[in-house]
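Asks: Take a look at final17.txt, compact mmCIF, C-alpha atoms (C1' of nucleotides):
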```txt
# COMPACT_ATOMS: atom_id res chain seq x y z
CA MET X 762 -20.79 5.82 1.90
CA GLU X 763 -20.71 8.66 4.33
CA GLU X 764 -18.52 10.67 6.63
CA ILE X 765 -17.21 7.99 8.96
CA ASP X 766 -16.45 5.51 6.19
CA ARG X 767 -14.55 8.20 4.30
CA ARG X 768 -12.56 8.97 7.43
CA ILE X 769 -11.72 5.29 7.89
CA VAL X 770 -10.62 5.00 4.26
CA THR X 771 -8.41 8.06 4.60
CA LEU X 772 -6.82 6.77 7.79
CA LEU X 773 -6.14 3.34 6.31
CA ALA X 774 -4.78 4.86 3.11
CA HIS X 775 -2.19 6.69 5.23
CA ASP X 776 -1.45 3.79 7.55
CA GLY X 777 -2.58 0.42 6.33
CA ARG X 778 -1.64 -1.23 9.61
CA MET X 779 -3.54 1.09 11.91
CA SER X 780 -5.25 -0.96 14.61
CA PHE X 781 -9.01 -1.12 15.04
CA THR X 782 -8.46 0.31 18.50
CA ASP X 783 -6.85 3.43 17.00
CA LEU X 784 -9.44 3.68 14.23
CA ALA X 785 -12.12 3.55 16.91
CA ARG X 786 -10.45 6.34 18.86
CA GLU X 787 -10.08 8.51 15.72
CA THR X 788 -13.68 8.03 14.63
CA GLY X 789 -15.36 8.11 18.01
CA LEU X 790 -16.96 4.71 17.43
CA SER X 791 -16.58 1.50 19.38
CA VAL X 792 -13.97 -1.03 18.31
CA SER X 793 -16.57 -3.48 17.06
CA ALA X 794 -18.40 -0.82 15.06
CA VAL X 795 -15.25 0.16 13.13
CA HIS X 796 -14.40 -3.48 12.74
CA GLN X 797 -17.76 -4.02 11.07
CA ARG X 798 -17.30 -1.01 8.80
CA VAL X 799 -13.79 -1.97 7.71
CA ARG X 800 -14.92 -5.50 6.85
CA ARG X 801 -17.79 -4.05 4.86
CA LEU X 802 -15.48 -1.66 3.00
CA GLU X 803 -13.23 -4.62 2.16
CA LYS X 804 -16.15 -6.76 1.06
CA ARG X 805 -17.54 -4.02 -1.18
CA GLY X 806 -14.11 -3.53 -2.71
CA VAL X 807 -13.67 0.06 -1.57
CA VAL X 808 -10.58 -1.17 0.27
CA ARG X 809 -9.03 -3.52 -2.26
CA GLY X 810 -6.14 -4.68 -0.13
CA TYR X 811 -3.11 -3.64 1.88
CA ALA X 812 0.48 -3.28 0.77
CA ALA X 813 3.83 -2.40 2.23
CA ILE X 814 5.44 0.54 0.44
CA ILE X 815 8.88 -0.62 -0.62
CA ASP X 816 11.99 1.44 -1.35
CA HIS X 817 12.85 0.18 -4.81
CA ASP X 818 16.43 1.41 -4.58
CA ALA X 819 16.94 -0.74 -1.50
CA VAL X 820 15.71 -3.90 -3.18
CA GLY X 821 17.81 -3.60 -6.30
CA LEU X 822 15.29 -2.00 -8.65
CA PRO X 823 16.58 1.58 -8.83
CA LEU X 824 15.49 2.27 -12.40
CA THR X 825 11.87 3.29 -13.03
CA ALA X 826 10.46 4.09 -16.46
CA PHE X 827 7.20 4.74 -18.25
CA VAL X 828 6.80 2.72 -21.42
CA SER X 829 4.13 3.77 -23.90
CA ILE X 830 3.16 1.09 -26.36
CA LYS X 831 1.42 1.07 -29.75
CA PRO X 832 0.35 -2.01 -31.73
CA ILE X 833 2.40 -2.84 -34.84
CA ASP X 834 -0.77 -4.16 -36.45
CA PRO X 835 -3.69 -1.90 -35.49
CA ALA X 836 -6.16 -4.45 -36.87
CA ALA X 837 -5.07 -7.26 -34.54
CA PRO X 838 -7.12 -7.93 -31.38
CA ASP X 839 -5.80 -5.87 -28.51
CA ASP X 840 -4.86 -8.20 -25.69
CA ALA X 841 -1.62 -6.51 -24.71
CA PRO X 842 -2.35 -6.42 -20.95
CA GLU X 843 -2.76 -10.20 -20.72
CA ARG X 844 0.23 -10.81 -22.98
CA LEU X 845 2.40 -8.63 -20.77
CA ALA X 846 1.10 -9.71 -17.36
CA HIS X 847 3.80 -12.36 -16.98
CA LEU X 848 6.53 -9.71 -16.93
CA ALA X 849 7.10 -9.04 -13.24
CA ALA X 850 8.96 -5.80 -13.93
CA ILE X 851 5.66 -4.21 -15.02
CA GLU X 852 4.09 -2.60 -11.97
CA ALA X 853 1.09 -1.06 -13.72
CA CYS X 854 -0.69 -1.03 -17.07
CA HIS X 855 -3.05 1.79 -18.02
CA SER X 856 -5.12 2.00 -21.17
CA VAL X 857 -4.92 5.60 -22.35
CA ALA X 858 -6.40 8.07 -24.78
CA GLY X 859 -3.99 9.56 -27.27
CA ASP X 860 -1.50 8.41 -29.85
CA GLU X 861 -0.44 5.31 -27.93
CA SER X 862 -2.65 2.60 -26.50
CA TYR X 863 -1.12 1.78 -23.08
CA ILE X 864 1.25 3.28 -20.59
CA LEU X 865 3.25 0.81 -18.53
CA LYS X 866 5.16 1.66 -15.38
CA VAL X 867 8.19 -0.56 -15.02
CA ARG X 868 10.94 -1.11 -12.41
CA VAL X 869 14.25 -2.71 -13.31
CA ALA X 870 17.72 -3.20 -11.92
CA SER X 871 19.75 -1.46 -14.62
CA PRO X 872 19.78 0.06 -18.11
CA VAL X 873 20.67 -3.33 -19.54
CA ALA X 874 17.70 -4.87 -17.74
CA LEU X 875 15.48 -2.15 -19.23
CA GLU X 876 16.79 -2.90 -22.71
CA ASP X 877 16.04 -6.56 -22.18
CA LEU X 878 12.57 -5.80 -20.82
CA LEU X 879 11.71 -3.61 -23.81
CA GLN X 880 12.62 -6.44 -26.15
CA GLN X 881 10.39 -8.78 -24.18
CA ILE X 882 7.51 -6.28 -24.27
CA ARG X 883 7.82 -5.82 -28.04
CA ALA X 884 8.05 -9.54 -28.64
CA SER X 885 5.23 -10.50 -26.25
CA ALA X 886 2.63 -8.00 -27.42
CA ASN X 887 3.73 -7.14 -30.98
CA VAL X 888 4.00 -3.46 -30.18
CA SER X 889 6.39 -0.58 -30.63
CA THR X 890 7.59 1.17 -27.48
CA ARG X 891 8.45 4.68 -26.40
CA THR X 892 10.28 4.91 -23.09
CA THR X 893 10.55 7.78 -20.64
CA VAL X 894 13.15 7.19 -17.95
CA VAL X 895 12.45 8.46 -14.43
CA LEU X 896 15.38 10.42 -13.00
CA SER X 897 14.01 10.92 -9.50
CA THR X 898 10.70 10.79 -7.69
CA PRO X 899 9.93 13.78 -5.46
CA TYR X 900 6.82 12.00 -4.20
CA GLU X 901 4.67 8.98 -4.92
CA HIS X 902 1.87 6.94 -3.31
CA ARG X 903 0.17 9.99 -1.84
CA ALA X 904 -3.17 9.00 -0.35
CA PRO X 905 -6.33 10.10 -2.19
CA HIS X 906 -8.27 13.05 -0.81
CA VAL X 907 -11.51 11.21 -0.27
CA ALA X 908 -14.01 14.02 -0.40
CA SER X 909 -17.77 13.58 -0.56
CA GLU X 910 -18.66 11.80 -3.80
CA PRO X 911 -20.31 8.44 -3.00
CA ALA X 912 -20.25 5.15 -4.84
CA SER X 913 -23.46 4.85 -6.83
CA ASP X 914 -26.09 2.42 -5.60
CA GLN X 915 -25.71 0.18 -8.62
CA ASP X 916 -22.03 -0.33 -7.83
CA ARG X 917 -22.97 -1.83 -4.50
CA PRO X 918 -23.11 -5.63 -4.35
CA ALA X 919 -25.88 -7.32 -2.37
CA MET G 1427 19.95 -7.98 2.68
CA GLU G 1428 19.56 -11.62 1.96
CA GLU G 1429 17.11 -14.35 1.18
CA ILE G 1430 14.82 -14.20 4.21
CA ASP G 1431 14.58 -10.41 4.23
CA ARG G 1432 13.69 -10.46 0.56
CA ARG G 1433 11.00 -13.02 1.25
CA ILE G 1434 9.58 -10.88 4.06
CA VAL G 1435 9.55 -7.82 1.82
CA THR G 1436 7.75 -9.72 -0.91
CA LEU G 1437 5.15 -11.08 1.48
CA LEU G 1438 4.48 -7.66 3.01
CA ALA G 1439 4.32 -6.05 -0.43
CA HIS G 1440 1.51 -8.47 -1.28
CA ASP G 1441 -0.26 -8.24 2.06
CA GLY G 1442 0.72 -5.30 4.21
CA ARG G 1443 -1.34 -6.58 7.13
CA MET G 1444 0.11 -10.07 7.26
CA SER G 1445 0.68 -11.03 10.89
CA PHE G 1446 4.10 -11.77 12.33
CA THR G 1447 2.78 -15.23 13.10
CA ASP G 1448 2.07 -15.87 9.42
CA LEU G 1449 5.36 -14.30 8.34
CA ALA G 1450 7.11 -16.62 10.78
CA ARG G 1451 5.32 -19.63 9.35
CA GLU G 1452 6.17 -18.63 5.77
CA THR G 1453 9.83 -17.99 6.51
CA GLY G 1454 10.46 -20.83 8.92
CA LEU G 1455 11.67 -18.41 11.60
CA SER G 1456 10.31 -17.73 15.06
CA VAL G 1457 7.86 -14.90 15.59
CA SER G 1458 10.40 -12.77 17.45
CA ALA G 1459 13.07 -13.26 14.80
CA VAL G 1460 10.66 -12.08 12.12
CA HIS G 1461 9.60 -9.21 14.32
CA GLN G 1462 13.21 -8.13 14.66
CA ARG G 1463 13.78 -8.29 10.90
CA VAL G 1464 10.63 -6.35 10.01
CA ARG G 1465 11.51 -3.58 12.46
CA ARG G 1466 14.99 -3.41 11.00
CA LEU G 1467 13.64 -3.23 7.45
CA GLU G 1468 11.36 -0.39 8.54
CA LYS G 1469 14.16 1.43 10.33
CA ARG G 1470 16.47 1.14 7.33
CA GLY G 1471 13.72 2.46 5.08
CA VAL G 1472 13.45 -0.67 2.94
CA VAL G 1473 9.83 -0.83 4.08
CA ARG G 1474 8.76 2.81 3.89
CA GLY G 1475 5.25 2.34 5.23
CA TYR G 1476 1.95 0.58 4.77
CA ALA G 1477 -1.10 1.66 2.81
CA ALA G 1478 -4.59 0.44 2.07
CA ILE G 1479 -5.19 0.10 -1.66
CA ILE G 1480 -8.32 2.11 -2.41
CA ASP G 1481 -10.76 1.74 -5.28
CA HIS G 1482 -10.75 5.27 -6.67
CA ASP G 1483 -14.04 4.77 -8.46
CA ALA G 1484 -15.72 3.94 -5.17
CA VAL G 1485 -14.48 7.08 -3.44
CA GLY G 1486 -15.54 9.49 -6.15
CA LEU G 1487 -12.25 9.88 -8.03
CA PRO G 1488 -12.93 7.86 -11.18
CA LEU G 1489 -10.78 9.94 -13.53
CA THR G 1490 -7.03 9.26 -13.62
CA ALA G 1491 -4.59 11.11 -15.87
CA PHE G 1492 -0.90 11.58 -16.50
CA VAL G 1493 0.12 15.22 -16.77
CA SER G 1494 3.51 16.03 -18.28
CA ILE G 1495 4.78 19.49 -17.46
CA LYS G 1496 7.40 21.79 -18.97
CA PRO G 1497 8.58 25.14 -17.56
CA ILE G 1498 7.45 28.27 -19.39
CA ASP G 1499 10.73 29.90 -18.45
CA PRO G 1500 13.52 27.32 -18.72
CA ALA G 1501 15.92 29.67 -16.94
CA ALA G 1502 13.84 29.91 -13.76
CA PRO G 1503 14.76 27.71 -10.78
CA ASP G 1504 12.96 24.40 -10.96
CA ASP G 1505 10.94 23.96 -7.81
CA ALA G 1506 7.80 22.56 -9.42
CA PRO G 1507 7.43 19.57 -7.03
CA GLU G 1508 7.25 21.80 -3.95
CA ARG G 1509 4.98 24.30 -5.70
CA LEU G 1510 2.59 21.52 -6.62
CA ALA G 1511 2.70 19.50 -3.41
CA HIS G 1512 -0.34 21.30 -1.99
CA LEU G 1513 -2.60 19.91 -4.71
CA ALA G 1514 -4.11 16.80 -3.18
CA ALA G 1515 -5.23 15.45 -6.54
CA ILE G 1516 -1.58 14.79 -7.42
CA GLU G 1517 -0.75 11.25 -6.36
CA ALA G 1518 2.80 11.14 -7.69
CA CYS G 1519 5.46 13.39 -9.21
CA HIS G 1520 8.35 11.95 -11.21
CA SER G 1521 11.26 13.90 -12.66
CA VAL G 1522 11.89 12.45 -16.11
CA ALA G 1523 14.33 12.47 -18.99
CA GLY G 1524 12.97 13.71 -22.28
CA ASP G 1525 11.21 16.71 -23.68
CA GLU G 1526 9.23 17.44 -20.53
CA SER G 1527 10.54 17.82 -17.01
CA TYR G 1528 7.99 16.01 -14.80
CA ILE G 1529 5.22 13.49 -15.10
CA LEU G 1530 2.39 13.82 -12.59
CA LYS G 1531 -0.19 11.17 -11.88
CA VAL G 1532 -3.49 12.75 -10.88
CA ARG G 1533 -6.91 11.53 -9.70
CA VAL G 1534 -10.02 13.68 -9.99
CA ALA G 1535 -13.78 13.43 -9.79
CA SER G 1536 -14.69 14.60 -13.29
CA PRO G 1537 -13.50 16.22 -16.53
CA VAL G 1538 -14.38 19.62 -15.11
CA ALA G 1539 -12.30 18.88 -12.03
CA LEU G 1540 -9.41 17.92 -14.31
CA GLU G 1541 -9.73 21.18 -16.22
CA ASP G 1542 -9.67 23.07 -12.96
CA LEU G 1543 -6.67 21.09 -11.70
CA LEU G 1544 -4.70 21.79 -14.89
CA GLN G 1545 -5.26 25.50 -14.44
CA GLN G 1546 -4.03 25.25 -10.87
CA ILE G 1547 -0.95 23.31 -11.96
CA ARG G 1548 -0.09 25.87 -14.65
CA ALA G 1549 -0.63 28.77 -12.29
CA SER G 1550 1.22 27.24 -9.34
CA ALA G 1551 4.36 26.12 -11.15
CA ASN G 1552 4.48 28.37 -14.25
CA VAL G 1553 4.46 25.41 -16.60
CA SER G 1554 2.72 24.20 -19.69
CA THR G 1555 0.91 20.87 -19.46
CA ARG G 1556 0.25 17.90 -21.70
CA THR G 1557 -2.39 15.51 -20.40
CA THR G 1558 -2.97 11.85 -21.15
CA VAL G 1559 -6.30 10.57 -19.87
CA VAL G 1560 -6.48 7.02 -18.50
CA LEU G 1561 -9.40 5.07 -19.96
CA SER G 1562 -9.04 1.94 -17.85
CA THR G 1563 -6.44 0.24 -15.71
CA PRO G 1564 -5.95 -3.49 -16.40
CA TYR G 1565 -3.60 -3.69 -13.42
CA GLU G 1566 -1.77 -1.47 -10.97
CA HIS G 1567 0.15 -1.73 -7.68
CA ARG G 1568 1.76 -5.04 -8.59
CA ALA G 1569 4.36 -5.96 -6.02
CA PRO G 1570 8.03 -5.72 -7.03
CA HIS G 1571 9.88 -8.92 -7.86
CA VAL G 1572 12.56 -8.54 -5.23
CA ALA G 1573 15.37 -10.56 -6.71
CA SER G 1574 18.92 -10.63 -5.37
CA GLU G 1575 20.43 -7.17 -5.69
CA PRO G 1576 21.31 -5.82 -2.22
CA ALA G 1577 21.28 -2.31 -0.84
CA SER G 1578 24.82 -0.98 -0.85
CA ASP G 1579 26.64 -0.63 2.47
CA GLN G 1580 26.75 3.13 2.26
CA ASP G 1581 22.97 3.28 2.04
CA ARG G 1582 22.71 1.62 5.41
CA PRO G 1583 22.23 3.95 8.40
CA ALA G 1584 24.04 3.21 11.63
C1' DT U 392 -25.97 -0.12 12.72
C1' DA U 393 -24.40 0.51 17.39
C1' DT U 394 -22.35 -1.11 22.05
C1' DG U 395 -19.91 -3.82 25.81
C1' DA U 396 -17.96 -7.89 27.44
C1' DA U 397 -15.84 -12.29 26.94
C1' DA U 398 -12.72 -15.45 24.44
C1' DC U 399 -9.08 -15.74 21.73
C1' DA U 400 -5.08 -14.51 18.94
C1' DC U 401 -1.36 -11.56 18.19
C1' DG U 402 2.31 -8.17 19.09
C1' DT U 403 5.95 -7.13 22.01
C1' DT U 404 9.64 -7.59 25.18
C1' DG U 405 13.25 -9.70 28.05
C1' DC U 406 16.32 -13.35 28.63
C1' DG U 407 18.91 -17.31 27.54
C1' DT U 408 21.44 -19.52 23.82
C1' DA P 642 20.90 -13.50 15.20
C1' DC P 643 17.67 -16.75 16.90
C1' DG P 644 14.21 -19.14 20.03
C1' DC P 645 11.27 -19.45 24.09
C1' DA P 646 8.03 -17.86 27.19
C1' DA P 647 5.46 -14.38 29.62
C1' DC P 648 2.75 -10.35 29.41
C1' DG P 649 -0.06 -6.78 27.56
C1' DT P 650 -2.77 -5.33 23.80
C1' DG P 651 -5.52 -5.96 19.76
C1' DT P 652 -8.96 -8.77 17.23
C1' DT P 653 -13.11 -11.20 16.79
C1' DT P 654 -17.52 -12.85 18.09
C1' DC P 655 -21.78 -12.68 20.52
C1' DA P 656 -25.64 -10.96 23.04
C1' DT P 657 -28.27 -6.99 23.24
C1' DA P 658 -30.40 -2.67 22.06
```
Show the structure stored in the file as structure tokens.
Replies:
Amino acid sequence: MEEIDRRIVTLLAHDGRMSFTDLARETGLSVSAVHQRVRRLEKRGVVRGYAAIIDHDAVGLPLTAFVSIKPIDPAAPDDAPERLAHLAAIEACHSVAGDESYILKVRVASPVALEDLLQQIRASANVSTRTTVVLSTPYEHRAPHVASEPASDQDRPA
Amino acid sequence: MEEIDRRIVTLLAHDGRMSFTDLARETGLSVSAVHQRVRRLEKRGVVRGYAAIIDHDAVGLPLTAFVSIKPIDPAAPDDAPERLAHLAAIEACHSVAGDESYILKVRVASPVALEDLLQQIRASANVSTRTTVVLSTPYEHRAPHVASEPASDQDRPA
DNA sequence: TATGAAACACGTTGCGT
DNA sequence: ACGCAACGTGTTTCATA
């Protein structure tokens, strides 16, 4: 992936609805050339999708928290992500190095809803939890600074 | 905000490029009615923007980490978010309850780049850092389950 | 991989209800 | 607040280089 693709990715990361016409103007290519490139980036999975960025306060989910989890039985098979996937309040699940095994990012309506969610997490995955409540979010969803590092050839599908 | 708006928000959260035509079909409204509602949701800040979801591995940022920071001098004014905003590797900054003051989510190209970033964070904001490296991400960017809770009247601009 | 043009679909606006 | 219809713009495909 080279210069123009990186520029397209950056532009779309900032405005996922930018038109092909505008992308063409910004890159100096024709509309059909950028169209081709965007479709290729989507097909290769570099662009994985598009999403509206939602104000969680405005939709009744004003409470964000990070929940670190640790298995009660360290010998049991670790399938926590699948066991927790049904809980819609969980926005993200990261496997991490360190004392705990996963960090979950969750969004709920209230402290009581968080309490309820934690019980569901513990019950669903047989884990203990440690919760860090978010007080405010100065910024979030900042677009990546796509520099020069390319995807390796072996990552590229036929 | 009621039923149809919540449905629109959910659909756009899943596919930020969905056409007004498709939104109209899904909601049972006319294209212009949906158009009106989307513009209003944008204007009110319920929909804060649109973004392409990027595969960080494919753009040369395969290393994700959470960096918790704590001021060296607890008496100094806390302006860490502004002091750190210039670092493009920082995707998000959350003020949190607990022992530390902020949790940063960062994306870098390599362990060396992370080491360098941590030095920059410490120097820029006069903080100590505690870093949790992400090993893998089972899921991320899941759309919120927009239930029934409305935005309060006083949140609504004229 | 690029371009330009043609065919088509969509976004956008104004007006009537 | 919604629907309809007209208009302009954006998307998509194709022929060509």
Asks: Tell me, in Å to one decimal, how far atom CA of X:Ser889 is from atom CA of G:Cys1519.
Replies: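 These two atoms are separated by 25.6 Å.
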Asks: Considering all atoms listed in the file, state which residue in the set G:Leu1438, G:Ala1459, G:Leu1510, G:Val1534 is at the smallest distance from chain P.
Replies: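 Smallest distance to chain P is found for G:Ala1459.
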Asks: Sorted by chain and rising residue number, list the residues of chain G at most 10 Å from chain P (counting only C-alpha atoms (C1' of nucleotides)), each with its closest atom pair and distance in Å to one decimal, as a Markdown table.
Replies:
```
| residue | atom | partner | partner_atom | distance |
| --- | --- | --- | --- | --- |
| G:Leu1455 | CA | P:DC643 | C1' | 8.2 |
| G:Ser1456 | CA | P:DG644 | C1' | 6.5 |
| G:Val1457 | CA | P:DG644 | C1' | 8.8 |
| G:Ser1458 | CA | P:DG644 | C1' | 7.9 |
| G:Ala1459 | CA | P:DC643 | C1' | 6.1 |
| G:Val1460 | CA | P:DC643 | C1' | 9.7 |
| G:Gln1462 | CA | P:DA642 | C1' | 9.4 |
| G:Arg1463 | CA | P:DA642 | C1' | 9.8 |
```
Asks: Please provide the set of residues having any atom within 6 Å of G:Leu1487, restricted to only C-alpha atoms (C1' of nucleotides), with same-chain residues fewer than 3 positions apart removed, written as a ChimeraX atom specification.
Replies: /G:1482-1483,1533-1535
Asks: Rounded to one decimal, what separation in Å do you get between atom CA of G:Ala1439 and atom CA of X:Tyr811?
Replies: 8.1 Å
Asks: Could you write out as a list of chain:residue names the residues of chain G within 9 Å of chain U, counting all atoms listed in the file?
Replies: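 Output check: G:Ser1445, G:Phe1446, G:Thr1447, G:Ser1458, G:His1461.
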Asks: Can you tell me how far atom CA of X:Val820 sits from atom CA of G:Asp1431, in Å to one decimal?
Replies: 9.9 Å
Asks: Distance limit 7 Å, atoms considered: all atoms listed in the file. Which chain G residues sit that close to chain X? Return them as JSON, numbers by chain.
Replies: {"G": [1438, 1439, 1440, 1441, 1442, 1443, 1471, 1472, 1473, 1474, 1475, 1476, 1477, 1478, 1479, 1480, 1481, 1484, 1485, 1486, 1507, 1514, 1515, 1517, 1518, 1519, 1520, 1521, 1522, 1523, 1524, 1558, 1559, 1560, 1561, 1562, 1563, 1564, 1565, 1566, 1567, 1568, 1569, 1570, 1571, 1572, 1575, 1576, 1577]}
Asks: Quick one: of X:Gln881, X:Thr788, X:Ser829, X:Thr890, who's nearest to X:Arg844, counting only C-alpha atoms?
Replies: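 The answer is X:Gln881, which sits nearest to X:Arg844.
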Asks: Output as a short mmCIF file (atom, residue, chain, number, x, y, z; two decimals), keeping the file's coordinate frame: stretch 764-780 of chain X, completed with N, CA and C atoms.
Replies:
```
data_model
loop_
_atom_site.label_atom_id
_atom_site.label_comp_id
_atom_site.auth_asym_id
_atom_site.auth_seq_id
_atom_site.Cartn_x
_atom_site.Cartn_y
_atom_site.Cartn_z
N GLU X 764 -19.60 10.05 5.89
CA GLU X 764 -18.52 10.67 6.63
C GLU X 764 -17.55 9.70 7.33
N ILE X 765 -18.09 8.85 8.16
CA ILE X 765 -17.21 7.99 8.96
C ILE X 765 -16.45 6.99 8.08
N ASP X 766 -17.14 6.42 7.10
CA ASP X 766 -16.45 5.51 6.19
C ASP X 766 -15.33 6.23 5.44
N ARG X 767 -15.59 7.44 5.00
CA ARG X 767 -14.55 8.20 4.30
C ARG X 767 -13.36 8.48 5.21
N ARG X 768 -13.66 8.73 6.46
CA ARG X 768 -12.56 8.97 7.43
C ARG X 768 -11.74 7.70 7.62
N ILE X 769 -12.42 6.57 7.74
CA ILE X 769 -11.72 5.29 7.89
C ILE X 769 -10.83 5.02 6.68
N VAL X 770 -11.39 5.23 5.49
CA VAL X 770 -10.62 5.00 4.26
C VAL X 770 -9.38 5.88 4.23
N THR X 771 -9.54 7.15 4.59
CA THR X 771 -8.41 8.06 4.60
C THR X 771 -7.34 7.60 5.58
N LEU X 772 -7.77 7.22 6.77
CA LEU X 772 -6.82 6.77 7.79
C LEU X 772 -6.07 5.53 7.33
N LEU X 773 -6.79 4.57 6.76
CA LEU X 773 -6.14 3.34 6.31
C LEU X 773 -5.25 3.58 5.09
N ALA X 774 -5.62 4.55 4.27
CA ALA X 774 -4.78 4.86 3.11
C ALA X 774 -3.43 5.42 3.57
N HIS X 775 -3.44 6.14 4.69
CA HIS X 775 -2.19 6.69 5.23
C HIS X 775 -1.41 5.67 6.03
N ASP X 776 -2.13 4.83 6.77
CA ASP X 776 -1.45 3.79 7.55
C ASP X 776 -2.26 2.50 7.49
N GLY X 777 -1.86 1.65 6.58
CA GLY X 777 -2.58 0.42 6.33
C GLY X 777 -2.56 -0.56 7.49
N ARG X 778 -1.70 -0.33 8.46
CA ARG X 778 -1.64 -1.23 9.61
C ARG X 778 -2.27 -0.64 10.86
N MET X 779 -2.92 0.50 10.72
CA MET X 779 -3.54 1.09 11.91
C MET X 779 -4.50 0.08 12.57
N SER X 780 -4.42 0.02 13.89
CA SER X 780 -5.25 -0.96 14.61
C SER X 780 -6.70 -0.50 14.68
#
```
